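A.B. asks: Got a structure for you, model-v9.txt, holding compact mmCIF, C-alpha atoms.
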```txt
# COMPACT_ATOMS: atom_id res chain seq x y z
CA MET A 1 -4.86 5.69 -8.97
CA LYS A 2 -5.78 2.02 -9.20
CA SER A 3 -7.27 0.29 -6.18
CA THR A 4 -4.81 -1.95 -4.38
CA ALA A 5 -4.76 -4.29 -1.39
CA ILE A 6 -1.91 -4.01 1.13
CA LEU A 7 -0.90 -7.01 3.22
CA LEU A 8 1.38 -6.67 6.25
CA LEU A 9 2.33 -9.92 7.92
CA HIS A 10 4.77 -11.60 10.28
CA CYS A 11 5.26 -15.21 11.32
CA PRO A 12 8.00 -17.68 12.22
CA ASP A 13 10.42 -17.90 9.29
CA GLU A 14 9.80 -20.91 7.10
CA HIS A 15 10.78 -22.00 3.61
CA GLY A 16 8.35 -21.07 0.85
CA ILE A 17 6.23 -18.35 2.47
CA ILE A 18 6.94 -15.74 -0.21
CA SER A 19 6.25 -18.13 -3.09
CA GLU A 20 3.03 -19.39 -1.48
CA VAL A 21 1.56 -15.95 -0.85
CA THR A 22 2.64 -14.43 -4.17
CA LYS A 23 1.32 -17.49 -6.02
CA PHE A 24 -2.05 -17.00 -4.34
CA ILE A 25 -2.16 -13.45 -5.66
CA THR A 26 -0.94 -14.15 -9.20
CA ASP A 27 -3.10 -17.27 -9.58
CA ASN A 28 -6.10 -15.06 -8.83
CA LYS A 29 -4.98 -12.51 -11.44
CA GLY A 30 -3.60 -9.92 -9.04
CA ASN A 31 -0.77 -7.71 -10.29
CA ILE A 32 1.87 -7.27 -7.56
CA VAL A 33 3.18 -3.70 -7.45
CA TYR A 34 5.19 -3.80 -4.21
CA LEU A 35 7.02 -6.50 -2.26
CA ASP A 36 9.44 -6.01 0.62
CA GLN A 37 10.48 -8.60 3.19
CA TYR A 38 12.84 -9.01 6.11
CA VAL A 39 14.00 -11.94 8.24
CA ASP A 40 15.04 -11.38 11.85
CA ARG A 41 17.54 -14.20 12.23
CA GLU A 42 17.91 -13.63 15.97
CA ASP A 43 14.23 -14.33 16.63
CA GLY A 44 13.64 -16.46 13.55
CA MET A 45 10.78 -14.21 12.40
CA PHE A 46 9.69 -13.33 8.87
CA PHE A 47 8.14 -9.95 7.98
CA MET A 48 6.61 -8.89 4.67
CA ARG A 49 4.66 -6.09 3.03
CA LEU A 50 2.87 -6.93 -0.19
CA GLU A 51 0.65 -4.74 -2.38
CA TRP A 52 -1.30 -5.76 -5.46
CA GLU A 53 -3.83 -4.26 -7.84
CA LEU A 54 -7.46 -5.31 -7.47
CA GLU A 55 -8.67 -4.40 -10.97
CA ASP A 56 -8.60 -7.98 -12.32
CA PHE A 57 -8.34 -9.81 -8.99
CA ILE A 58 -10.85 -12.66 -8.94
CA ILE A 59 -11.52 -12.74 -5.19
CA PRO A 60 -13.91 -9.98 -3.97
CA ARG A 61 -12.20 -7.58 -1.59
CA GLU A 62 -14.60 -8.45 1.23
CA LYS A 63 -13.46 -12.09 1.00
CA ILE A 64 -9.68 -11.56 0.81
CA ARG A 65 -9.14 -11.48 4.57
CA GLU A 66 -11.07 -14.72 4.98
CA TYR A 67 -9.02 -16.45 2.29
CA ILE A 68 -5.68 -15.38 3.79
CA ASP A 69 -6.79 -16.42 7.26
CA THR A 70 -7.96 -19.83 6.08
CA LEU A 71 -5.07 -20.62 3.73
CA TYR A 72 -2.06 -19.13 5.52
CA SER A 73 -2.71 -17.66 8.97
CA GLN A 74 -3.16 -20.97 10.75
CA ARG A 75 -0.70 -22.86 8.56
CA TYR A 76 2.19 -20.48 9.25
CA SER A 77 1.09 -19.12 12.67
CA MET A 78 0.79 -15.83 10.83
CA THR A 79 -0.35 -12.46 12.16
CA PHE A 80 -1.50 -10.11 9.41
CA ASN A 81 -3.28 -6.84 8.65
CA LEU A 82 -5.06 -6.11 5.39
CA TYR A 83 -5.66 -2.59 4.06
CA PHE A 84 -6.97 -1.00 0.87
CA ASN A 85 -5.38 2.13 -0.57
CA ASP A 86 -8.74 3.71 -1.42
CA GLU A 87 -9.85 3.56 2.22
CA ARG A 88 -8.24 6.72 3.56
CA PRO A 89 -6.96 6.71 7.15
CA ARG A 90 -8.67 9.24 9.42
CA MET A 91 -6.25 11.10 11.67
CA ALA A 92 -7.12 13.04 14.82
CA ILE A 93 -4.52 15.52 16.09
CA PHE A 94 -4.13 16.22 19.81
CA VAL A 95 -2.39 19.46 20.82
CA SER A 96 -1.83 21.68 23.85
CA LYS A 97 -0.19 25.10 23.39
CA MET A 98 2.79 24.59 21.03
CA SER A 99 1.94 25.20 17.38
CA HIS A 100 5.04 24.15 15.40
CA CYS A 101 4.14 20.47 14.90
CA LEU A 102 0.47 21.25 14.28
CA TYR A 103 1.30 23.79 11.55
CA ASP A 104 3.66 21.34 9.89
CA LEU A 105 1.12 18.50 9.89
CA LEU A 106 -1.67 20.70 8.53
CA ALA A 107 0.55 22.26 5.87
CA ARG A 108 1.50 18.81 4.55
CA TYR A 109 -2.14 17.75 4.64
CA LYS A 110 -3.31 20.82 2.72
CA ALA A 111 -0.45 20.44 0.22
CA GLY A 112 -1.80 17.00 -0.66
CA GLU A 113 1.26 15.10 0.56
CA TRP A 114 -0.83 12.58 2.50
CA ASN A 115 -3.71 10.31 1.54
CA VAL A 116 -5.50 11.04 4.80
CA ASP A 117 -8.50 12.83 6.29
CA ILE A 118 -8.30 15.01 9.42
CA PRO A 119 -11.81 15.27 10.85
CA CYS A 120 -10.88 16.92 14.14
CA ILE A 121 -8.25 18.55 16.34
CA VAL A 122 -8.51 17.95 20.09
CA SER A 123 -6.90 20.07 22.80
CA ASN A 124 -6.91 20.81 26.51
CA HIS A 125 -6.44 24.54 25.79
CA GLU A 126 -8.08 27.18 23.59
CA ASP A 127 -4.71 28.58 22.46
CA LEU A 128 -4.50 26.92 19.03
CA ARG A 129 -8.10 27.27 17.90
CA TYR A 130 -7.03 29.99 15.46
CA VAL A 131 -4.75 27.50 13.70
CA ALA A 132 -7.57 25.01 13.25
CA GLU A 133 -9.81 27.77 11.92
CA GLN A 134 -7.15 28.81 9.39
CA PHE A 135 -7.28 25.29 7.95
CA GLY A 136 -11.03 24.80 8.35
CA ILE A 137 -10.83 21.86 10.73
CA PRO A 138 -13.16 21.47 13.76
CA TYR A 139 -11.40 22.16 17.06
CA TYR A 140 -12.58 20.62 20.32
CA VAL A 141 -11.44 21.63 23.81
CA TRP A 142 -11.77 19.71 27.04
CA SER A 143 -9.94 21.39 29.90
CA ILE A 144 -8.33 19.05 32.40
CA ASN A 145 -8.25 20.03 36.08
CA LYS A 146 -4.85 20.39 37.70
CA ASP A 147 -5.64 17.52 40.04
CA HIS A 148 -6.86 15.45 37.05
CA SER A 149 -10.16 14.90 38.87
CA ASN A 150 -12.10 15.11 35.57
CA LYS A 151 -9.62 13.05 33.49
CA ASP A 152 -11.98 10.08 33.06
CA GLU A 153 -14.86 12.34 32.08
CA VAL A 154 -12.73 14.18 29.50
CA GLU A 155 -11.35 11.02 27.95
CA LYS A 156 -14.81 9.51 27.69
CA ALA A 157 -15.96 12.57 25.73
CA GLU A 158 -12.86 12.40 23.54
CA MET A 159 -13.43 8.73 22.81
CA GLU A 160 -17.03 9.43 21.82
CA LEU A 161 -15.80 12.06 19.37
CA LEU A 162 -13.17 9.74 17.90
CA GLN A 163 -15.74 7.00 17.38
CA LYS A 164 -18.24 9.42 15.88
CA GLU A 165 -15.63 10.69 13.42
CA LYS A 166 -14.42 7.15 12.63
CA VAL A 167 -10.86 8.09 13.55
CA THR A 168 -8.35 5.32 12.73
CA PHE A 169 -5.24 6.81 14.36
CA ILE A 170 -4.15 9.67 16.60
CA VAL A 171 -1.15 12.00 16.44
CA LEU A 172 0.02 13.70 19.63
CA ALA A 173 1.53 16.92 18.27
CA ARG A 174 3.09 18.08 21.56
CA TYR A 175 0.00 17.16 23.55
CA MET A 176 1.13 17.61 27.13
CA GLN A 177 -1.13 15.09 28.82
CA ILE A 178 -0.74 11.42 29.67
CA ILE A 179 -2.91 9.11 27.55
CA THR A 180 -4.65 6.53 29.72
CA ASP A 181 -4.76 2.79 29.14
CA ASN A 182 -8.38 2.98 27.95
CA MET A 183 -7.49 5.04 24.89
CA ILE A 184 -4.23 3.14 24.29
CA ASN A 185 -6.13 -0.15 24.30
CA ALA A 186 -8.69 1.27 21.88
CA TYR A 187 -5.93 2.33 19.46
CA PRO A 188 -3.07 -0.17 19.90
CA HIS A 189 -0.01 1.00 17.96
CA HIS A 190 -2.19 3.69 16.38
CA ILE A 191 -1.27 6.64 18.63
CA ILE A 192 1.87 8.42 17.45
CA ASN A 193 3.81 10.69 19.80
CA ILE A 194 6.72 13.07 19.25
CA HIS A 195 9.22 13.19 22.09
CA HIS A 196 11.44 16.27 22.37
CA SER A 197 14.55 14.21 23.00
CA PHE A 198 16.62 11.43 21.53
CA LEU A 199 15.21 8.62 23.65
CA PRO A 200 16.21 7.24 26.03
CA ALA A 201 18.55 10.13 26.89
CA PHE A 202 17.39 13.21 28.82
CA ILE A 203 13.90 11.96 29.60
CA GLY A 204 11.71 14.41 31.46
CA ALA A 205 11.35 18.18 31.68
CA LYS A 206 13.54 20.66 29.78
CA PRO A 207 15.59 18.14 27.79
CA TYR A 208 17.34 20.87 25.79
CA HIS A 209 18.45 22.56 28.99
CA GLN A 210 19.73 19.22 30.26
CA ALA A 211 21.63 18.76 27.00
CA TRP A 212 23.13 22.24 27.25
CA GLU A 213 24.20 21.67 30.83
CA ARG A 214 25.91 18.42 29.80
CA GLY A 215 27.66 20.08 26.85
CA VAL A 216 26.41 17.50 24.35
CA LYS A 217 27.34 17.76 20.67
CA ILE A 218 24.08 16.48 19.21
CA ILE A 219 20.42 16.80 20.13
CA GLY A 220 17.59 14.71 18.77
CA ALA A 221 13.89 13.92 18.59
CA THR A 222 12.00 10.63 18.67
CA SER A 223 8.60 9.61 17.32
CA HIS A 224 7.08 6.44 18.72
CA TYR A 225 3.83 4.61 19.24
CA VAL A 226 2.25 5.20 22.63
CA THR A 227 2.05 2.30 25.06
CA ALA A 228 1.21 2.01 28.74
CA ASP A 229 4.93 2.44 29.52
CA LEU A 230 5.58 6.18 29.29
CA ASP A 231 7.87 7.10 26.35
CA ALA A 232 8.84 3.45 25.92
CA GLY A 233 6.68 2.43 22.96
CA PRO A 234 7.98 1.12 19.60
CA ILE A 235 10.18 3.77 17.99
CA ILE A 236 9.19 4.78 14.46
CA GLU A 237 11.61 7.57 13.58
CA GLN A 238 14.55 9.45 15.11
CA ASP A 239 16.94 12.14 13.95
CA VAL A 240 19.68 14.37 15.35
CA THR A 241 21.38 17.67 14.63
CA ARG A 242 24.84 18.80 15.66
CA ILE A 243 25.37 21.65 18.10
CA THR A 244 28.40 23.45 19.52
CA HIS A 245 29.49 25.27 22.65
CA LYS A 246 28.18 28.47 21.04
CA ASP A 247 24.59 27.29 21.27
CA THR A 248 22.32 28.50 24.04
CA PRO A 249 19.27 26.77 25.54
CA GLU A 250 17.14 29.06 23.38
CA SER A 251 18.90 28.09 20.15
CA LEU A 252 18.68 24.44 21.10
CA VAL A 253 14.92 24.82 21.51
CA LEU A 254 14.63 26.28 17.99
CA LYS A 255 16.78 23.53 16.48
CA GLY A 256 14.83 20.96 18.46
CA LYS A 257 11.49 22.22 17.16
CA ASP A 258 12.69 21.80 13.58
CA LEU A 259 13.74 18.24 14.37
CA GLU A 260 10.41 17.48 16.04
CA LYS A 261 8.47 18.58 12.95
CA ILE A 262 10.61 16.51 10.59
CA VAL A 263 10.68 13.39 12.73
CA LEU A 264 6.95 13.47 13.44
CA SER A 265 6.03 14.02 9.79
CA ARG A 266 8.23 11.09 8.71
CA ALA A 267 6.54 8.82 11.24
CA VAL A 268 3.06 9.93 10.19
CA THR A 269 3.95 9.41 6.51
CA LYS A 270 5.04 5.82 7.12
CA HIS A 271 1.89 5.11 9.13
CA ILE A 272 -0.40 6.55 6.45
CA GLU A 273 1.41 4.51 3.79
CA ARG A 274 0.90 1.36 5.90
CA LYS A 275 4.62 0.66 5.92
CA ILE A 276 5.09 0.03 9.65
CA LEU A 277 4.89 -3.37 11.29
CA THR A 278 5.24 -3.66 15.07
CA TYR A 279 6.68 -6.70 16.83
CA ASN A 280 8.03 -7.11 20.37
CA ASN A 281 8.00 -3.35 21.06
CA LYS A 282 10.02 -2.70 17.91
CA THR A 283 9.05 -1.54 14.45
CA ILE A 284 9.89 -2.90 11.03
CA ILE A 285 9.82 0.08 8.64
CA PHE A 286 9.44 -0.93 5.00
CA SER A 287 11.00 1.22 2.28
```
Any chance you could put this one into structure tokens?
C.D. replies:
Amino acid sequence: MKSTAILLLHCPDEHGIISEVTKFITDNKGNIVYLDQYVDREDGMFFMRLEWELEDFIIPREKIREYIDTLYSQRYSMTFNLYFNDERPRMAIFVSKMSHCLYDLLARYKAGEWNVDIPCIVSNHEDLRYVAEQFGIPYYVWSINKDHSNKDEVEKAEMELLQKEKVTFIVLARYMQIITDNMINAYPHHIINIHHSFLPAFIGAKPYHQAWERGVKIIGATSHYVTADLDAGPIIEQDVTRITHKDTPESLVLKGKDLEKIVLSRAVTKHIERKILTYNNKTIIFS
């Protein structure tokens, strides 16, 4: 696979942005292999994802960010992120006691579906250590007191581990603890959660039981980035499945678990591929 640079950007919409940026790449002998753009006409904002090969690109990769910042960032009031496809993201997985999402993530990882490294799995319980051992991934446990009196101490230790392992993003695979602002601020829009409900409906405990009691005809799952507002971060992926009056709370839980695995894996895939751009608590998902 050839080395490529990936540029994600957004700025106020203005005539000529695409031609200016693509001309910069082609003039410097870069071969564009992906281009997708979107204009939000309500807010007047322009969004773009651009990827080009670096094999014959004249500008050294360590200078590309500087060039883009100097030539376009200030000129267009542009916010951008630059990535390289040969720099693999490093994903930490946080879990509690439920194994279905963890198994799905690790199976996809071992099958080679994702260009990602998983240096560690973090938990507040010992229950899923056997899963980590099956896949040969280090498993770390920090128990949290019921009164949360050691929460700060635990999170400090977790942050030290994440920094040591050079983790670039975190996946909460049914991790049943609140992430504090310290960690959220350290990984802005880089902590992915799976919520066992179609947000914003049935927020809280036992959503499938709430759905059964209401006699709903669909249930869903939502994957989103974690922010300081609980379960209110930018939504990455959602899906639903139909149910009937014949379903029980138990069958809804089983159907819900399948949805959670699928929705979470789709969100993680898009993040690894650097195809998500966040703006105003929303996401732009490129194809």
A.B. asks: Please measure the separation of CA of Gly16 (chain A) and CA of Lys270 (chain A), giving the value in Å to one decimal.
C.D. replies: 27.8 Å
A.B. asks: Quick one: pull the distance between CA of Lys146 (chain A) and CA of Leu102 (chain A), Å, one decimal.
C.D. replies: 24.0 Å
A.B. asks: So how many Å separate CA of Asp239 (chain A) and CA of Asn280 (chain A), to one decimal?
C.D. replies: 22.2 Å
A.B. asks: Kindly indicate which residue among A:Ala228, A:Ile184, A:Ile137, A:Val39 lies nearest to Lys110 (chain A), using only C-alpha atoms for the distances.
C.D. replies: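 For Lys110 (chain A), the nearest of the given residues is A:Ile137.
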A.B. asks: Hey, which of A:Phe84, A:Trp212, A:Tyr225, A:Tyr187 ends up closest to Thr248 (chain A)? Count all atoms listed in the file.
C.D. replies: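 When distances to Thr248 (chain A) are compared using all atoms listed in the file, the smallest one comes from A:Trp212.
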A.B. asks: List as a count of residues only the protein and nucleic acid residues near Pro12 (chain A), meaning an atom at most 6 Å away when only C-alpha atoms are counted, but skip any in the same chain fewer than 4 places from it.
C.D. replies: 3
A.B. asks: Between A:Lys97, A:Lys23, A:Lys261, A:Lys246, which one has atoms that come closest to Gln177 (chain A), using all atoms listed in the file?
C.D. replies: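 Using all atoms listed in the file, the shortest distance to Gln177 (chain A) belongs to A:Lys97.
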A.B. asks: Would you mind telling me which residue in A:Phe24, A:Phe169, A:Tyr175, A:Phe286 lies nearest to Tyr72 (chain A) when using all atoms listed in the file?
C.D. replies: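 Ranked by minimum distance to Tyr72 (chain A), first place goes to A:Phe24.
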A.B. asks: For Val167 (chain A), list every protein, DNA or RNA residue within 10 Å, evaluated using only C-alpha atoms, and leave out those in the same chain fewer than 6 positions away; present the list as JSON, numbers by chain.
C.D. replies: {"A": [89, 90, 91, 92, 117, 118, 119, 120, 159, 161, 187]}
A.B. asks: Skip Glu158 (chain A) itself and residues of its chain fewer than 6 positions away, then list as a list in words all residues within 10 Å of it, counting all atoms listed in the file.
C.D. replies: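 Near Glu158 (chain A), the qualifying residues are Val122, Ser123, Tyr140, Val141, Trp142, Asp152, Lys164 and Met183 of chain A.
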A.B. asks: Please determine, counting all atoms listed in the file, which residue among A:Glu237, A:Asp258, A:Asp36, A:Glu133 has the shortest atom-to-atom distance to Thr283 (chain A).
C.D. replies: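 Among the listed residues, the smallest separation from Thr283 (chain A) belongs to A:Glu237.
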A.B. asks: If we draw a sphere of 12 Å around (10.5, 17.7, 18.6), which residues have at least one atom in it when counting all atoms listed in the file? Please report them as a PyMOL selection string.
C.D. replies: chain A and resi 98-102+104+172-175+193-199+206-208+219-224+237-241+252-265
